[in-house]
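Participant: This one is input-v7.tsv, TSV, C-alpha atoms.
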```
chain	number	residue	atom	x	y	z
I	147	MET	CA	-38.64	9.57	9.19
I	148	VAL	CA	-36.31	7.93	11.69
I	149	GLU	CA	-36.88	4.28	12.42
I	150	CYS	CA	-34.22	4.04	15.09
I	151	ARG	CA	-35.30	3.88	18.72
I	152	VAL	CA	-32.42	4.70	21.03
I	153	MET	CA	-32.07	2.78	24.27
I	154	LYS	CA	-29.18	2.72	26.75
I	155	GLY	CA	-26.66	0.25	25.45
I	156	GLN	CA	-28.62	-0.77	22.36
I	157	ASP	CA	-30.57	0.54	19.41
I	158	HIS	CA	-33.74	-1.03	18.12
I	159	THR	CA	-36.38	-0.23	15.55
I	160	SER	CA	-39.42	1.73	16.66
I	161	SER	CA	-42.88	0.99	15.31
I	162	ASP	CA	-43.82	4.69	15.66
I	163	THR	CA	-42.35	6.52	12.67
I	164	GLY	CA	-44.03	9.91	13.18
I	165	GLU	CA	-42.40	13.27	13.87
I	166	GLY	CA	-42.97	12.79	17.62
I	167	SER	CA	-41.00	9.56	17.43
I	168	VAL	CA	-37.99	11.36	15.94
I	169	GLU	CA	-38.03	13.90	18.76
I	170	ARG	CA	-38.53	11.19	21.41
I	171	ASP	CA	-35.68	9.12	19.99
I	172	PHE	CA	-33.40	12.14	19.83
I	173	LEU	CA	-34.20	13.13	23.42
I	174	ALA	CA	-33.65	9.53	24.56
I	175	ALA	CA	-30.25	9.52	22.82
I	176	TYR	CA	-29.38	12.78	24.55
I	177	ASP	CA	-30.39	11.41	27.94
I	178	ASP	CA	-28.53	8.15	27.39
I	179	TYR	CA	-25.29	9.42	25.87
I	180	SER	CA	-24.67	13.11	26.61
I	181	ALA	CA	-22.78	12.58	29.91
I	182	GLU	CA	-20.73	9.74	28.39
I	183	LEU	CA	-19.84	11.86	25.35
I	184	PHE	CA	-18.95	14.81	27.59
I	185	ARG	CA	-16.55	12.71	29.69
I	186	HIS	CA	-14.91	11.37	26.54
I	187	CYS	CA	-14.58	14.86	25.11
I	188	VAL	CA	-13.12	16.40	28.30
I	189	VAL	CA	-10.39	13.76	28.31
I	190	ARG	CA	-9.66	14.36	24.63
I	191	VAL	CA	-9.67	18.19	24.58
I	192	ARG	CA	-8.79	18.94	28.24
I	193	ASP	CA	-11.20	21.88	28.38
I	194	ARG	CA	-14.64	21.59	29.99
I	195	ASP	CA	-16.17	24.56	28.15
I	196	LEU	CA	-14.88	23.40	24.78
I	197	ALA	CA	-16.12	19.88	25.57
I	198	LYS	CA	-19.60	21.23	26.33
I	199	ASP	CA	-19.58	23.15	23.04
I	200	LEU	CA	-18.43	20.11	21.05
I	201	VAL	CA	-21.04	17.82	22.60
I	202	GLN	CA	-23.71	20.44	21.91
I	203	GLU	CA	-22.46	20.69	18.30
I	204	THR	CA	-22.61	16.90	18.04
I	205	PHE	CA	-26.25	16.79	19.06
I	206	ALA	CA	-27.11	19.76	16.83
I	207	LYS	CA	-25.56	18.01	13.82
I	208	THR	CA	-27.37	14.82	14.75
I	209	TRP	CA	-30.70	16.66	14.95
I	210	ASP	CA	-30.05	18.27	11.55
I	211	TYR	CA	-29.28	14.84	10.12
I	212	LEU	CA	-32.51	13.41	11.51
I	213	ALA	CA	-34.53	16.45	10.44
I	214	ARG	CA	-33.47	15.75	6.84
I	215	GLY	CA	-35.33	12.44	7.14
I	216	LYS	CA	-32.26	10.23	7.41
I	217	THR	CA	-32.04	7.21	9.70
I	218	ILE	CA	-29.48	6.22	12.29
I	219	ASP	CA	-29.05	2.50	12.87
I	220	HIS	CA	-26.58	2.70	15.77
I	221	ALA	CA	-27.03	5.93	17.74
I	222	ARG	CA	-24.06	5.50	20.07
I	223	ALA	CA	-21.61	4.86	17.24
I	224	PHE	CA	-23.10	7.70	15.18
I	225	LEU	CA	-22.77	10.16	18.09
I	226	TYR	CA	-19.19	9.12	18.89
I	227	ARG	CA	-18.22	9.42	15.22
I	228	THR	CA	-19.81	12.87	14.96
I	229	LEU	CA	-18.06	13.98	18.17
I	230	HIS	CA	-14.74	12.53	16.99
I	231	ASN	CA	-15.02	14.51	13.75
I	232	ALA	CA	-15.85	17.71	15.68
I	233	ILE	CA	-12.81	17.19	17.94
I	234	VAL	CA	-10.53	16.60	14.95
I	235	ASP	CA	-11.85	19.73	13.22
I	236	THR	CA	-11.30	21.79	16.37
I	237	MET	CA	-7.79	20.44	16.89
I	238	ARG	CA	-6.88	21.23	13.29
I	239	LYS	CA	-7.95	24.82	13.89
I	240	LYS	CA	-5.89	24.96	17.08
I	241	ARG	CA	-2.86	23.14	15.70
I	242	GLU	CA	-0.57	26.08	16.46
I	243	SER	CA	-1.11	25.49	20.17
I	244	SER	CA	1.28	22.91	21.57
I	245	LEU	CA	0.12	20.16	23.89
I	246	ASP	CA	2.10	21.64	26.79
I	247	VAL	CA	0.45	25.02	26.39
I	248	MET	CA	-2.98	23.43	26.21
I	249	GLN	CA	-2.36	21.46	29.40
I	250	GLU	CA	-1.09	24.54	31.24
I	251	ASP	CA	-3.91	26.74	29.98
I	252	PHE	CA	-6.79	24.30	30.36
I	253	GLY	CA	-5.63	21.71	32.91
I	254	PHE	CA	-7.80	18.76	33.77
I	255	ASP	CA	-10.98	19.17	35.75
I	256	PRO	CA	-12.80	15.92	36.60
I	257	PRO	CA	-16.34	15.89	35.19
I	258	ASP	CA	-17.96	15.04	38.53
I	259	GLU	CA	-18.21	18.33	40.42
I	260	SER	CA	-20.11	16.85	43.37
I	261	HIS	CA	-16.89	16.05	45.24
I	262	GLU	CA	-13.38	17.43	45.12
I	263	PRO	CA	-10.66	14.83	44.45
I	264	THR	CA	-7.73	14.59	46.80
I	265	PRO	CA	-4.50	16.34	45.76
I	266	GLU	CA	-2.92	12.92	45.15
I	267	VAL	CA	-5.70	11.87	42.79
I	268	ARG	CA	-5.52	15.22	41.02
I	269	GLU	CA	-1.74	14.87	40.52
I	270	GLU	CA	-2.09	11.27	39.32
I	271	SER	CA	-4.76	12.38	36.84
I	272	LYS	CA	-2.55	15.17	35.52
I	273	ALA	CA	0.39	12.78	35.25
I	274	ALA	CA	-1.75	10.24	33.37
I	275	LEU	CA	-2.96	12.93	30.97
I	276	ARG	CA	0.60	14.13	30.39
I	277	LEU	CA	1.67	10.57	29.56
I	278	LEU	CA	-1.32	10.07	27.28
I	279	GLY	CA	-0.43	13.38	25.67
I	280	THR	CA	2.95	12.02	24.62
I	281	LEU	CA	1.35	9.22	22.60
I	282	ASP	CA	0.53	9.55	18.92
I	283	GLU	CA	-3.07	10.74	18.44
I	284	LEU	CA	-4.12	7.40	16.93
I	285	TYR	CA	-2.89	5.46	19.96
I	286	ARG	CA	-4.19	8.00	22.48
I	287	THR	CA	-7.68	7.97	20.95
I	288	ALA	CA	-7.87	4.17	20.96
I	289	ILE	CA	-6.63	3.91	24.57
I	290	VAL	CA	-8.98	6.63	25.85
I	291	MET	CA	-11.97	5.07	24.12
I	292	ARG	CA	-11.04	1.62	25.43
I	293	TYR	CA	-10.06	2.36	29.03
I	294	VAL	CA	-11.73	5.68	29.86
I	295	ASP	CA	-14.95	5.26	27.88
I	296	GLY	CA	-15.11	1.49	28.34
I	297	LEU	CA	-15.83	0.76	24.68
I	298	SER	CA	-14.96	-2.57	23.11
I	299	PRO	CA	-12.48	-2.72	20.22
I	300	ARG	CA	-15.41	-3.54	17.94
I	301	GLU	CA	-17.33	-0.43	19.04
I	302	ILE	CA	-14.22	1.74	18.66
I	303	ALA	CA	-13.61	0.35	15.18
I	304	GLN	CA	-17.18	1.10	14.18
I	305	ILE	CA	-16.93	4.67	15.52
I	306	LEU	CA	-13.59	5.41	13.87
I	307	GLY	CA	-14.37	3.61	10.64
I	308	VAL	CA	-11.47	1.15	10.74
I	309	THR	CA	-11.20	-2.58	11.36
I	310	GLU	CA	-11.26	-4.13	14.80
I	311	ASN	CA	-7.76	-5.46	14.16
I	312	VAL	CA	-6.45	-1.93	13.52
I	313	ILE	CA	-7.87	-0.82	16.88
I	314	SER	CA	-6.35	-3.78	18.71
I	315	VAL	CA	-2.96	-2.99	17.18
I	316	ARG	CA	-3.25	0.70	18.14
I	317	ILE	CA	-4.16	-0.20	21.73
I	318	HIS	CA	-1.31	-2.71	21.93
I	319	ARG	CA	1.26	-0.27	20.51
I	320	GLY	CA	0.03	2.59	22.69
I	321	LEU	CA	0.28	0.46	25.82
I	322	LYS	CA	3.72	-0.70	24.73
I	323	GLN	CA	4.83	2.94	24.42
I	324	LEU	CA	3.44	3.68	27.90
I	325	ARG	CA	5.28	0.67	29.33
I	326	SER	CA	8.51	1.86	27.74
I	327	MET	CA	8.05	5.15	29.61
I	328	GLY	CA	8.02	3.22	32.86
I	329	VAL	CA	4.30	3.27	33.52
I	330	GLY	CA	3.59	0.43	35.97
I	331	THR	CA	1.98	-2.78	34.83
I	332	ILE	CA	-0.46	-1.97	32.07
```
Can you give me the file's structure in the form of structure tokens?

Facilitator:
Amino acid sequence: MVECRVMKGQDHTSSDTGEGSVERDFLAAYDDYSAELFRHCVVRVRDRDLAKDLVQETFAKTWDYLARGKTIDHARAFLYRTLHNAIVDTMRKKRESSLDVMQEDFGFDPPDESHEPTPEVREESKAALRLLGTLDELYRTAIVMRYVDGLSPREIAQILGVTENVISVRIHRGLKQLRSMGVGTI
């Protein structure tokens, strides 16, 4: 059974190890992280429907993992890693589509539908996504996770399975590329 109790911002061990605990922990992880994962995914894939599908797939795979009696020590990192793998798999399948075609076909739709952004904000968002789209995938992923998702380099490293130093270098080089394109003071 799962011994991981998921709380917003931290994971800790639960004393209840029964089947109900697994379901409670899973539902708590969904409540705590689903919106955050969705925002991350929308920025990465630029398609709200695909992002919903990938986040749903992430939680389905996580449930299957837990149902097999395995434990998760760090729910947030586990979910981000599972989502990252799902995104990579999807992008490999769609490799024949160029980035320009994907941006034209899917556009960018802010995740918060409660208010409509101004045309200026919408254009700035599209311009930012276009610039991010010109970066190598490694740099883009690190920058999105750092500045859009608000993750620390340590958290990103844990999610992507690399060292913290590698992440810091990727962020630095990605920002350097953006600066060379004339993007303000980053």

Participant: Could you please determine the separation between atom CA of Met237 of chain I and atom CA of Arg325 of chain I in Å, to one decimal place?

Facilitator: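 Interatomic distance, atom CA of Met237 of chain I to atom CA of Arg325 of chain I: 26.8 Å.
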
Participant: So the first atom is atom CA of Thr309 of chain I and the second is atom CA of Ile218 of chain I; what is the distance between them in Å, to one decimal place?

Facilitator: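 Computing it gives 20.3 Å between the two atoms.
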
Participant: Compare I:Val201, I:Leu284, I:Val168, I:Leu183 by their minimum atom-to-atom distance to Val315 of chain I, counting all atoms listed in the file, and give me the closest one.

Facilitator: I:Leu284

Participant: Provide the atom CA of Arg222 of chain I to atom CA of Tyr179 of chain I distance in Å, to one decimal place.

Facilitator: 7.1 Å

Participant: Which neighbours of Phe205 of chain I fall inside 9 Å, counting all atoms listed in the file, when residues of the same chain fewer than 6 positions from it are skipped, and could you give them as JSON, numbers by chain?

Facilitator: {"I": [172, 176, 180, 225, 228, 229]}

Participant: With C-alpha atoms retained, could you export that selection as a PDB file, in the frame of the given file?

Facilitator:
```
ATOM      1  CA  PHE I 172     -33.400  12.140  19.830  1.00  0.00           C
ATOM      2  CA  TYR I 176     -29.380  12.780  24.550  1.00  0.00           C
ATOM      3  CA  SER I 180     -24.670  13.110  26.610  1.00  0.00           C
ATOM      4  CA  LEU I 225     -22.770  10.160  18.090  1.00  0.00           C
ATOM      5  CA  THR I 228     -19.810  12.870  14.960  1.00  0.00           C
ATOM      6  CA  LEU I 229     -18.060  13.980  18.170  1.00  0.00           C
TER       7      LEU I 229
END
```

Participant: If we count all atoms listed in the file and set the cut-off at 10 Å, which residues sit around Arg292 of chain I, ignoring sequence neighbours fewer than 5 positions away in its own chain? Please answer as an MDAnalysis selection string.

Facilitator: chainID I and resid 286:287 297:299 301:302 313:314 317

Participant: Could you check the closest approach to Ala213 of chain I for each of I:Ala175, I:Glu169, I:Ala197, I:Leu277 and tell me which residue wins, using all atoms listed in the file?

Facilitator: I:Glu169

Participant: Taking into account all atoms listed in the file, which residue in the set I:Phe224, I:Met327, I:Gly166, I:Arg192 is nearest to Ser271 of chain I?

Facilitator: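 Closest to Ser271 of chain I, using all atoms listed in the file: I:Arg192.
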
Participant: For each of I:Arg170, I:Arg276, I:His318, I:Arg227, take the minimum atom-to-atom distance to Thr204 of chain I, counting only C-alpha atoms, then give the residue where this is smallest.

Facilitator: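 Closest candidate: I:Arg227.
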